[in-house]
$ cat query.csv   # CSV, C-alpha atoms
chain,number,residue,atom,x,y,z
A,644,MET,CA,-2.0,24.3,-11.9
A,645,ARG,CA,-5.1,25.6,-13.5
A,646,PRO,CA,-6.1,28.4,-13.6
A,647,THR,CA,-2.7,29.9,-13.1
A,648,LEU,CA,-0.9,27.7,-15.7
A,649,SER,CA,-2.5,25.5,-18.3
A,650,PRO,CA,-0.8,22.5,-19.9
A,651,GLY,CA,1.5,23.3,-22.8
A,652,ARG,CA,2.8,26.6,-21.6
A,653,LEU,CA,6.5,27.4,-21.7
A,654,VAL,CA,7.7,28.5,-18.3
A,655,ILE,CA,10.8,30.5,-17.4
A,656,VAL,CA,12.5,29.4,-14.2
A,657,ASP,CA,14.8,31.5,-12.1
A,658,ASN,CA,17.2,28.8,-10.8
A,659,ARG,CA,19.0,31.4,-8.6
A,660,ALA,CA,15.9,32.7,-6.8
A,661,TYR,CA,16.7,30.9,-3.6
A,662,ARG,CA,20.4,31.3,-3.4
A,663,THR,CA,20.1,34.3,-1.1
A,664,LYS,CA,16.6,34.0,0.2
A,665,GLU,CA,14.2,31.3,1.5
A,666,PRO,CA,11.2,30.1,-0.5
A,667,THR,CA,8.0,31.9,0.6
A,668,ARG,CA,4.4,31.0,0.6
A,669,GLY,CA,2.7,31.7,-2.7
A,670,ASP,CA,5.8,31.1,-4.8
A,671,VAL,CA,5.3,28.9,-7.8
A,672,ILE,CA,8.2,26.6,-8.0
A,673,LEU,CA,9.8,23.9,-10.1
A,674,ALA,CA,10.8,20.9,-8.0
A,675,ARG,CA,12.0,17.3,-8.2
A,676,TYR,CA,9.4,14.8,-7.0
A,677,ARG,CA,9.5,11.0,-7.5
A,678,LYS,CA,11.9,11.0,-10.5
A,679,GLU,CA,9.9,13.7,-12.2
A,680,LEU,CA,9.7,17.5,-12.2
A,681,VAL,CA,6.6,19.2,-10.9
A,682,ILE,CA,5.3,22.8,-10.9
A,683,LYS,CA,3.4,23.6,-7.8
A,684,ARG,CA,2.7,26.5,-5.4
A,685,ILE,CA,4.2,26.7,-2.0
A,686,VAL,CA,1.4,26.7,0.6
A,687,GLY,CA,3.2,25.7,3.8
A,688,LEU,CA,6.6,26.5,5.3
A,689,PRO,CA,8.9,24.5,7.6
A,690,GLY,CA,7.5,23.9,11.0
A,691,GLU,CA,3.9,24.9,10.1
A,692,MET,CA,0.8,22.7,10.5
A,693,VAL,CA,-0.9,22.8,7.1
A,694,GLU,CA,-4.4,21.6,6.3
A,695,LEU,CA,-6.8,22.0,3.4
A,696,LYS,CA,-10.5,21.9,4.3
A,697,GLN,CA,-13.0,22.0,1.5
A,698,GLY,CA,-10.7,24.1,-0.6
A,699,VAL,CA,-9.7,26.5,2.2
A,700,LEU,CA,-6.1,26.6,3.3
A,701,TYR,CA,-5.4,26.5,7.1
A,702,ILE,CA,-2.0,27.3,8.6
A,703,ASN,CA,-1.6,26.5,12.3
A,704,GLY,CA,-5.3,26.2,12.6
A,705,ASN,CA,-6.1,29.6,11.0
A,706,SER,CA,-7.7,30.1,7.6
A,707,GLN,CA,-5.3,31.7,5.1
A,708,GLN,CA,-6.2,34.4,2.6
A,709,GLU,CA,-4.7,33.3,-0.7
A,710,ASN,CA,-3.9,36.3,-2.9
A,711,TYR,CA,-3.5,34.4,-6.2
A,712,PRO,CA,-6.1,32.8,-8.5
A,713,VAL,CA,-7.5,29.5,-7.3
A,714,GLU,CA,-10.0,27.2,-9.0
A,715,PRO,CA,-12.6,26.9,-6.3
A,716,GLY,CA,-13.5,23.4,-5.2
A,717,LEU,CA,-14.0,21.1,-2.1
A,718,LEU,CA,-10.6,19.4,-2.0
A,719,SER,CA,-9.6,18.4,1.5
A,720,ILE,CA,-6.2,17.2,2.6
A,721,ASP,CA,-5.6,16.1,6.2
A,722,ARG,CA,-3.3,18.2,8.4
A,723,GLY,CA,0.3,17.6,9.0
A,724,THR,CA,3.2,19.4,10.6
A,725,LEU,CA,6.1,20.1,8.2
A,726,LEU,CA,9.5,19.0,9.2
A,727,ARG,CA,12.7,21.2,9.0
A,728,ARG,CA,13.4,22.4,5.5
A,729,ARG,CA,10.2,20.8,4.1
A,730,PHE,CA,7.7,22.8,2.1
A,731,ALA,CA,4.1,21.8,1.4
A,732,THR,CA,3.1,22.4,-2.2
A,733,LEU,CA,-0.3,22.3,-3.9
A,734,GLY,CA,-1.8,23.0,-7.3
A,735,ASP,CA,-4.2,26.0,-7.7
A,736,ASN,CA,-7.0,23.7,-8.8
A,737,ARG,CA,-9.1,22.8,-5.8
A,738,ASN,CA,-11.8,21.2,-7.9
A,739,VAL,CA,-10.2,17.7,-8.0
A,740,SER,CA,-10.7,14.7,-5.8
A,741,ALA,CA,-8.3,13.8,-3.0
A,742,ALA,CA,-7.3,10.7,-5.0
A,743,GLN,CA,-6.3,12.9,-8.0
A,744,ALA,CA,-4.6,15.7,-6.1
A,745,ILE,CA,-0.8,15.7,-6.1
A,746,HIS,CA,0.6,17.8,-3.3
A,747,PRO,CA,4.2,17.0,-2.8
A,748,ILE,CA,6.1,17.8,0.3
A,749,VAL,CA,9.4,18.8,-1.1
A,750,ALA,CA,12.8,19.2,0.6
A,751,GLN,CA,14.4,22.6,0.1
A,752,ASP,CA,17.2,20.9,-1.8
A,753,ASP,CA,14.7,19.6,-4.3
A,754,ILE,CA,13.4,23.0,-5.2
A,755,LEU,CA,15.1,23.9,-8.5
A,756,GLY,CA,13.8,27.4,-8.9
A,757,ARG,CA,10.9,29.8,-9.0
A,758,ILE,CA,8.6,30.2,-12.0
A,759,VAL,CA,8.9,33.8,-13.1
A,760,PHE,CA,7.1,33.9,-16.4
A,761,ALA,CA,4.9,31.7,-18.5
A,762,LEU,CA,4.5,31.9,-22.3
A,763,GLY,CA,1.4,30.7,-24.0
A,764,LEU,CA,2.1,28.4,-27.0
B,1248,MET,CA,1.7,-3.9,-56.0
B,1249,ILE,CA,1.6,-7.4,-54.5
B,1250,LYS,CA,5.2,-7.0,-53.2
B,1251,LEU,CA,4.3,-3.6,-51.7
B,1252,ALA,CA,1.2,-5.0,-50.0
B,1253,TRP,CA,3.3,-7.9,-48.7
B,1254,LEU,CA,5.9,-5.5,-47.3
B,1255,LEU,CA,3.3,-3.3,-45.7
B,1256,GLY,CA,1.6,-6.3,-44.1
B,1257,MET,CA,4.9,-7.6,-42.7
B,1258,GLY,CA,5.7,-4.1,-41.4
B,1259,LEU,CA,2.3,-3.8,-39.7
B,1260,THR,CA,2.6,-7.2,-38.2
B,1261,GLY,CA,6.0,-6.3,-36.8
B,1262,VAL,CA,4.7,-3.1,-35.2
B,1263,ALA,CA,1.8,-5.0,-33.7
B,1264,LEU,CA,4.0,-7.7,-32.2
B,1265,GLY,CA,6.4,-5.2,-30.9
B,1266,TYR,CA,3.7,-3.2,-29.3
B,1267,HIS,CA,2.2,-6.4,-27.8
B,1268,PHE,CA,5.4,-7.6,-26.3
B,1269,GLY,CA,6.3,-4.1,-25.2
B,1270,VAL,CA,3.1,-3.8,-23.4
B,1271,GLN,CA,3.6,-7.2,-21.7
B,1272,ARG,CA,7.1,-6.2,-20.6
B,1273,GLY,CA,5.8,-2.9,-19.2
B,1274,ARG,CA,2.9,-4.5,-17.3
B,1275,GLU,CA,4.1,-3.7,-13.8
B,1276,ILE,CA,1.7,-1.2,-12.2
B,1277,PRO,CA,3.6,1.6,-10.5
B,1278,LEU,CA,3.5,1.8,-6.8
B,1279,GLU,CA,1.7,5.2,-6.9
B,1280,TYR,CA,-1.4,3.4,-8.2
B,1281,TYR,CA,-1.8,1.5,-5.0
B,1282,TYR,CA,-2.2,4.5,-2.7
B,1283,ASN,CA,-2.7,8.2,-2.5
B,1284,GLN,CA,-1.3,10.7,-0.1
B,1285,PRO,CA,-3.9,11.5,2.4
B,1286,SER,CA,-2.4,14.5,4.2
B,1287,PHE,CA,0.4,17.1,4.6
B,1288,SER,CA,2.0,14.9,7.1
B,1289,GLU,CA,5.1,13.0,5.8
B,1290,VAL,CA,4.6,10.4,8.5
B,1291,GLN,CA,1.0,9.7,7.4
B,1292,ASN,CA,1.9,9.7,3.7
B,1293,THR,CA,4.8,7.2,4.4
B,1294,LYS,CA,2.3,5.0,6.2
B,1295,ALA,CA,0.0,5.2,3.2
B,1296,CYS,CA,3.0,4.3,1.0
B,1297,LEU,CA,3.7,1.3,3.2
B,1298,ASP,CA,0.0,0.2,2.8
B,1299,GLY,CA,0.4,0.6,-0.9
B,1300,LEU,CA,3.6,-1.5,-0.9
B,1301,CYS,CA,1.8,-4.2,1.0
B,1302,GLU,CA,-1.2,-4.1,-1.4
B,1303,LYS,CA,1.1,-4.3,-4.4
B,1304,PHE,CA,2.9,-7.2,-2.9
B,1305,ARG,CA,-0.3,-9.1,-2.2
B,1306,THR,CA,-1.8,-8.3,-5.6
B,1307,GLU,CA,1.3,-9.5,-7.5
B,1308,ILE,CA,1.3,-12.8,-5.5
B,1309,GLN,CA,-2.4,-13.3,-6.2
B,1310,GLU,CA,-1.9,-12.7,-9.9
B,1311,ARG,CA,0.9,-15.2,-10.1
B,1312,ARG,CA,-1.1,-17.7,-8.1
B,1313,LEU,CA,-4.1,-17.4,-10.4
B,1314,ALA,CA,-1.9,-17.6,-13.5
B,1315,ASP,CA,-0.3,-20.8,-12.2
B,1316,GLN,CA,-3.7,-22.3,-11.3
B,1317,GLN,CA,-5.1,-21.6,-14.8
B,1318,ARG,CA,-2.0,-23.0,-16.5
B,1319,TRP,CA,-2.1,-26.2,-14.4
B,1320,ALA,CA,-5.9,-26.6,-15.0
B,1321,GLN,CA,-5.5,-26.1,-18.8
B,1322,ARG,CA,-2.5,-28.5,-19.2
B,1323,HIS,CA,-3.8,-31.3,-17.0
B,1324,SER,CA,-7.6,-30.8,-17.4
B,1325,ALA,CA,-7.6,-30.6,-13.6
B,1326,ASP,CA,-9.9,-29.0,-11.2
B,1327,ALA,CA,-9.3,-25.2,-11.4
B,1328,ASN,CA,-9.2,-25.0,-7.6
B,1329,SER,CA,-6.3,-27.5,-7.3
B,1330,GLU,CA,-3.0,-25.9,-6.5
B,1331,PRO,CA,0.0,-28.1,-6.8
B,1332,HIS,CA,2.2,-24.9,-6.9
B,1333,ILE,CA,0.9,-23.7,-3.5
B,1334,SER,CA,4.4,-24.2,-2.0
B,1335,HIS,CA,5.7,-21.4,-4.2
B,1336,VAL,CA,2.9,-19.1,-2.9
B,1337,ILE,CA,3.7,-20.1,0.6
B,1338,ALA,CA,7.5,-19.4,0.1
B,1339,ASP,CA,6.7,-15.9,-1.4
B,1340,LEU,CA,4.4,-15.1,1.5
B,1341,GLU,CA,6.9,-16.2,4.1
B,1342,ARG,CA,9.4,-13.8,2.4
B,1343,GLY,CA,6.8,-11.1,2.6
B,1344,VAL,CA,6.3,-11.7,6.3
B,1345,ASP,CA,10.0,-11.3,6.8
B,1346,GLU,CA,10.2,-8.2,4.6
B,1347,PHE,CA,7.4,-6.4,6.4
B,1348,ALA,CA,8.7,-7.4,9.8
B,1349,GLY,CA,8.0,-4.7,12.4
B,1350,THR,CA,5.3,-3.0,10.5
B,1351,ALA,CA,1.5,-3.1,10.8
B,1352,GLN,CA,1.4,-4.7,7.3
B,1353,GLN,CA,3.2,-7.8,8.5
B,1354,LEU,CA,0.0,-9.3,9.8
B,1355,GLU,CA,-1.8,-8.5,6.6
B,1356,ILE,CA,0.7,-10.7,4.8
B,1357,ALA,CA,0.6,-13.3,7.6
B,1358,GLN,CA,-3.1,-13.6,7.1
B,1359,GLU,CA,-2.6,-14.5,3.4
B,1360,LEU,CA,0.1,-17.0,4.5
B,1361,LEU,CA,-2.3,-18.6,6.9
B,1362,LEU,CA,-4.9,-19.1,4.2
B,1363,ALA,CA,-2.3,-20.7,1.9
B,1364,LEU,CA,-1.0,-23.0,4.7
B,1365,LYS,CA,-4.6,-24.0,5.5
B,1366,LYS,CA,-5.1,-24.8,1.8
B,1367,ALA,CA,-1.9,-26.9,1.8
B,1368,LYS,CA,-3.0,-28.6,5.1
B,1369,GLU,CA,0.2,-27.5,6.7
B,1370,PHE,CA,-1.4,-27.2,10.2
B,1371,ASP,CA,1.9,-27.3,12.2
B,1372,ARG,CA,3.3,-24.4,10.2
B,1373,TRP,CA,-0.1,-22.7,10.5
B,1374,VAL,CA,0.0,-22.8,14.2
B,1375,SER,CA,3.6,-21.5,14.2
B,1376,VAL,CA,2.7,-18.5,12.0
B,1377,TYR,CA,-0.4,-17.8,14.1
B,1378,LEU,CA,1.4,-17.9,17.4
B,1379,ALA,CA,4.1,-15.6,16.1
B,1380,ALA,CA,1.4,-13.1,15.1
B,1381,LEU,CA,-0.4,-13.5,18.4
B,1382,TYR,CA,2.7,-12.8,20.5
B,1383,ARG,CA,3.8,-9.9,18.3
B,1384,GLN,CA,0.5,-8.1,18.1
B,1385,PRO,CA,-1.9,-9.8,20.5
B,1386,THR,CA,-4.6,-7.2,20.2
B,1387,HIS,CA,-4.7,-7.3,16.4
B,1388,PHE,CA,-8.2,-8.3,15.1
B,1389,ILE,CA,-6.8,-11.1,13.0
B,1390,VAL,CA,-5.6,-12.9,16.1
B,1391,ALA,CA,-9.1,-12.8,17.6
B,1392,ARG,CA,-10.8,-13.6,14.3
B,1393,LEU,CA,-8.7,-16.7,13.8
B,1394,ALA,CA,-8.8,-17.9,17.4
B,1395,SER,CA,-11.3,-20.7,16.8
B,1396,ASP,CA,-9.4,-21.8,13.7
B,1397,ALA,CA,-6.2,-21.8,15.7
B,1398,LEU,CA,-7.7,-24.1,18.3
B,1399,LEU,CA,-8.8,-26.5,15.6
B,1400,ALA,CA,-5.5,-26.4,13.8
B,1401,GLY,CA,-3.7,-26.9,17.2
B,1402,ARG,CA,-5.8,-30.0,17.8
B,1403,LEU,CA,-5.0,-31.4,14.4
B,1404,CYS,CA,-1.3,-31.2,14.9
B,1405,GLY,CA,-1.0,-31.8,18.6
B,1406,ARG,CA,-0.2,-28.3,19.6
B,1407,GLU,CA,-3.5,-27.3,21.3
B,1408,PRO,CA,-1.8,-26.6,24.6
B,1409,GLU,CA,0.4,-24.0,23.0
B,1410,VAL,CA,-2.5,-22.3,21.3
B,1411,MET,CA,-4.5,-22.3,24.5
B,1412,ALA,CA,-1.6,-20.7,26.3
B,1413,GLY,CA,-1.4,-18.1,23.7
B,1414,LEU,CA,-5.1,-17.3,23.8
B,1415,HIS,CA,-5.0,-17.1,27.6
B,1416,HIS,CA,-2.1,-14.6,27.2
B,1417,VAL,CA,-4.4,-12.5,25.0
B,1418,GLU,CA,-7.3,-12.9,27.4
B,1419,ALA,CA,-5.2,-11.7,30.3
B,1420,ILE,CA,-4.5,-8.3,28.7
B,1421,PRO,CA,-5.9,-5.9,31.3
B,1422,PHE,CA,-7.8,-3.6,28.9
B,1423,ASP,CA,-10.6,-4.0,26.5
B,1424,PHE,CA,-10.0,-4.1,22.8
B,1425,ASP,CA,-11.8,-5.2,19.6
B,1426,GLY,CA,-11.9,-8.9,19.4
B,1427,LYS,CA,-11.2,-9.7,23.0
B,1428,ALA,CA,-14.7,-11.2,23.3
B,1429,LEU,CA,-14.0,-13.5,20.3
B,1430,VAL,CA,-10.9,-14.9,22.0
B,1431,GLN,CA,-12.9,-15.4,25.2
B,1432,ALA,CA,-15.7,-17.1,23.3
B,1433,ALA,CA,-13.2,-19.4,21.5
B,1434,LEU,CA,-11.6,-20.4,24.8
B,1435,ARG,CA,-15.0,-21.1,26.4
B,1436,SER,CA,-16.2,-23.2,23.5
B,1437,GLN,CA,-13.0,-25.3,23.6
B,1438,ALA,CA,-12.8,-25.8,27.4
B,1439,GLY,CA,-15.0,-28.8,27.5
B,1440,HIS,CA,-13.7,-30.3,24.2
B,1441,PHE,CA,-10.1,-30.1,25.3
B,1442,THR,CA,-10.6,-32.0,28.6
B,1443,ALA,CA,-12.7,-34.6,26.8
B,1444,ASP,CA,-10.2,-35.4,24.1
B,1445,ALA,CA,-6.7,-34.3,24.9
B,1446,ARG,CA,-4.9,-36.7,22.5
B,1447,PRO,CA,-3.0,-35.2,19.6
B,1448,VAL,CA,-4.9,-35.8,16.3
B,1449,ARG,CA,-2.0,-35.6,13.8
B,1450,GLU,CA,-3.6,-38.2,11.6
B,1451,LEU,CA,-6.7,-36.2,10.8
B,1452,SER,CA,-4.9,-33.7,8.5
B,1453,GLY,CA,-7.7,-33.6,6.1
B,1454,ARG,CA,-10.3,-32.2,8.5
B,1455,ASN,CA,-10.8,-28.4,8.3
$ encode --input "query.csv" --output "structure tokens"
Amino acid sequence: MRPTLSPGRLVIVDNRAYRTKEPTRGDVILARYRKELVIKRIVGLPGEMVELKQGVLYINGNSQQENYPVEPGLLSIDRGTLLRRRFATLGDNRNVSAAQAIHPIVAQDDILGRIVFALGL
Amino acid sequence: MIKLAWLLGMGLTGVALGYHFGVQRGREIPLEYYYNQPSFSEVQNTKACLDGLCEKFRTEIQERRLADQQRWAQRHSADANSEPHISHVIADLERGVDEFAGTAQQLEIAQELLLALKKAKEFDRWVSVYLAALYRQPTHFIVARLASDALLAGRLCGREPEVMAGLHHVEAIPFDFDGKALVQAALRSQAGHFTADARPVRELSGRN
């Protein structure tokens, strides 16, 4: 999640953030994924067609202005249409290869909360 | 001092052995190492996961096969290519063909099974596996690539008419696809041979 979060930082998670509202694009979340916990940013919402082309995010074919820090890079991820209650997530570091990138598609029930603060240690 | 050194040595030996056996027990490579997720499509990523499962399955069988071969060669000073345990490999691959039934990966496993059956000179079973693959996925490139081998195996076990019928079925598919020309070439090359020598050749099991 560089440059937003570096390894070793302590994060504060609001586990009630989504009790009354839906997750939105740009939220940094803590989620369950393959028996582990991951911290990623939501980049796609249910029903959207999401694609990353050379580091640029496209939603339904239109390039997206991302108003958060992103490590520039040429990462590309093929497009896919998200199913109901599925959110596309991605790290902020686009300067990794496709083989290294972990971009889980998480079910809403697997989102444990929103990262609201990070402490440097 | 000597006692202390002895205790220290035993302790280090214990740690080393524990680490070694721990590493051996934890040798299985996680599935995630065999594939990556290519897209934001759950469907495409699931297909990639299936490819990874297939690759993991094939790799593990190949590892066991090589280990068995080496052990046999060391114990019996035998040719490293001899495989008296090939029946275990065949059984594992047959289970894999069943496990991956209905998927595109089934033919990947079937191809490995065909190689093992050929090594074991089980031509009758070879033809059965090939024909099953042919009728399930007639346009798959493996069917075309092995068409000539199928005719030869069919001749060796007296099932050439079945193989010819299968290949004619593929040839009759009314659209073009990769490998159709290979099937047609195999049929053309065998046409004269089949009419000239139509007797089953079960005895010639050693001829590849």
$ interface_residues --input "query.csv" --of "chain A" --to "chain B" --cutoff "9 Å" --atoms "all atoms listed in the file" --output "ChimeraX atom specification"
/A:692-695,719-726,731,741-748
$ atom_distance --input "query.csv" --atom1 "atom CA of B:Arg1402" --atom2 "atom CA of B:Gln1309"
29.4 Å
$ residues_around --input "query.csv" --residues "B:Ile1337" --least-positions-apart "6" --cutoff "7 Å" --atoms "only C-alpha atoms" --output "PDB file with C-alpha atoms, in the frame of the given file"
ATOM      1  CA  LEU B1360       0.100 -17.000   4.500  1.00  0.00           C
ATOM      2  CA  ALA B1363      -2.300 -20.700   1.900  1.00  0.00           C
ATOM      3  CA  LEU B1364      -1.000 -23.000   4.700  1.00  0.00           C
TER       4      LEU B1364
END
$ atom_distance --input "query.csv" --atom1 "atom CA of B:Asp1371" --atom2 "atom CA of B:Cys1404"
5.7 Å
$ atom_distance --input "query.csv" --atom1 "atom CA of B:Gln1352" --atom2 "atom CA of B:Asp1315"
25.3 Å
$ closest_residue --input "query.csv" --among "A:Gly763, A:Val699, A:Gln708, A:Ile758" --to "A:Ile682" --atoms "all atoms listed in the file"
A:Ile758
$ closest_residue --input "query.csv" --among "A:Lys678, A:Val671, A:Phe760, A:Phe730" --to "A:Tyr711" --atoms "all atoms listed in the file"
A:Val671
$ residues_around --input "query.csv" --residues "B:Tyr1281" --least-positions-apart "3" --cutoff "12 Å" --atoms "only C-alpha atoms" --output "PyMOL selection string"
(chain A and resi 742) or (chain B and resi 1275-1278+1284+1295-1307)
$ closest_residue --input "query.csv" --among "B:Ala1314, B:Leu1381, B:Ile1308, B:Gly1405" --to "B:Glu1359" --atoms "only C-alpha atoms"
B:Ile1308
$ residues_near_point --input "query.csv" --point "(5.2, 27.4, -5.4)" --cutoff "10 Å" --atoms "only C-alpha atoms" --output "VMD selection string"
chain A and resid 666 to 674 681 to 687 730 to 735 754 756 to 758
$ residues_around --input "query.csv" --residues "A:Leu718" --least-positions-apart "2" --cutoff "8 Å" --atoms "all atoms listed in the file" --output "list of chain:residue names"
A:Leu695, A:Lys696, A:Gln697, A:Gly698, A:Gly716, A:Ile720, A:Arg737, A:Asn738, A:Val739, A:Ser740, A:Ala741
$ residues_around --input "query.csv" --residues "A:Pro712" --least-positions-apart "5" --cutoff "9 Å" --atoms "all atoms listed in the file" --output "PDB file with C-alpha atoms, keeping the file's coordinate frame"
ATOM      1  CA  ARG A 645      -5.100  25.600 -13.500  1.00  0.00           C
ATOM      2  CA  PRO A 646      -6.100  28.400 -13.600  1.00  0.00           C
ATOM      3  CA  THR A 647      -2.700  29.900 -13.100  1.00  0.00           C
ATOM      4  CA  ASP A 735      -4.200  26.000  -7.700  1.00  0.00           C
TER       5      ASP A 735
END
$ closest_residue --input "query.csv" --among "B:Ala1380, B:Val1374, B:Ile1389, B:Ala1394" --to "B:Arg1406" --atoms "only C-alpha atoms"
B:Val1374
$ residues_around --input "query.csv" --residues "A:Leu653" --least-positions-apart "4" --cutoff "10 Å" --atoms "only C-alpha atoms" --output "list in words"
Leu648, Ser649, Phe760, Ala761, Leu762, Gly763 and Leu764 of chain A
$ write_last_selection --input "query.csv" --atoms "C-alpha atoms" --output "tab-separated table (two decimals), in the coordinates of the input"
chain	number	residue	atom	x	y	z
A	648	LEU	CA	-0.90	27.70	-15.70
A	649	SER	CA	-2.50	25.50	-18.30
A	760	PHE	CA	7.10	33.90	-16.40
A	761	ALA	CA	4.90	31.70	-18.50
A	762	LEU	CA	4.50	31.90	-22.30
A	763	GLY	CA	1.40	30.70	-24.00
A	764	LEU	CA	2.10	28.40	-27.00
$ closest_residue --input "query.csv" --among "A:Thr663, A:Asn703, A:Asn710, A:Asn736" --to "A:Pro689" --atoms "only C-alpha atoms"
A:Asn703
$ closest_residue --input "query.csv" --among "A:Arg652, A:Leu700, A:Gln707, A:Asp752" --to "A:Arg729" --atoms "all atoms listed in the file"
A:Asp752
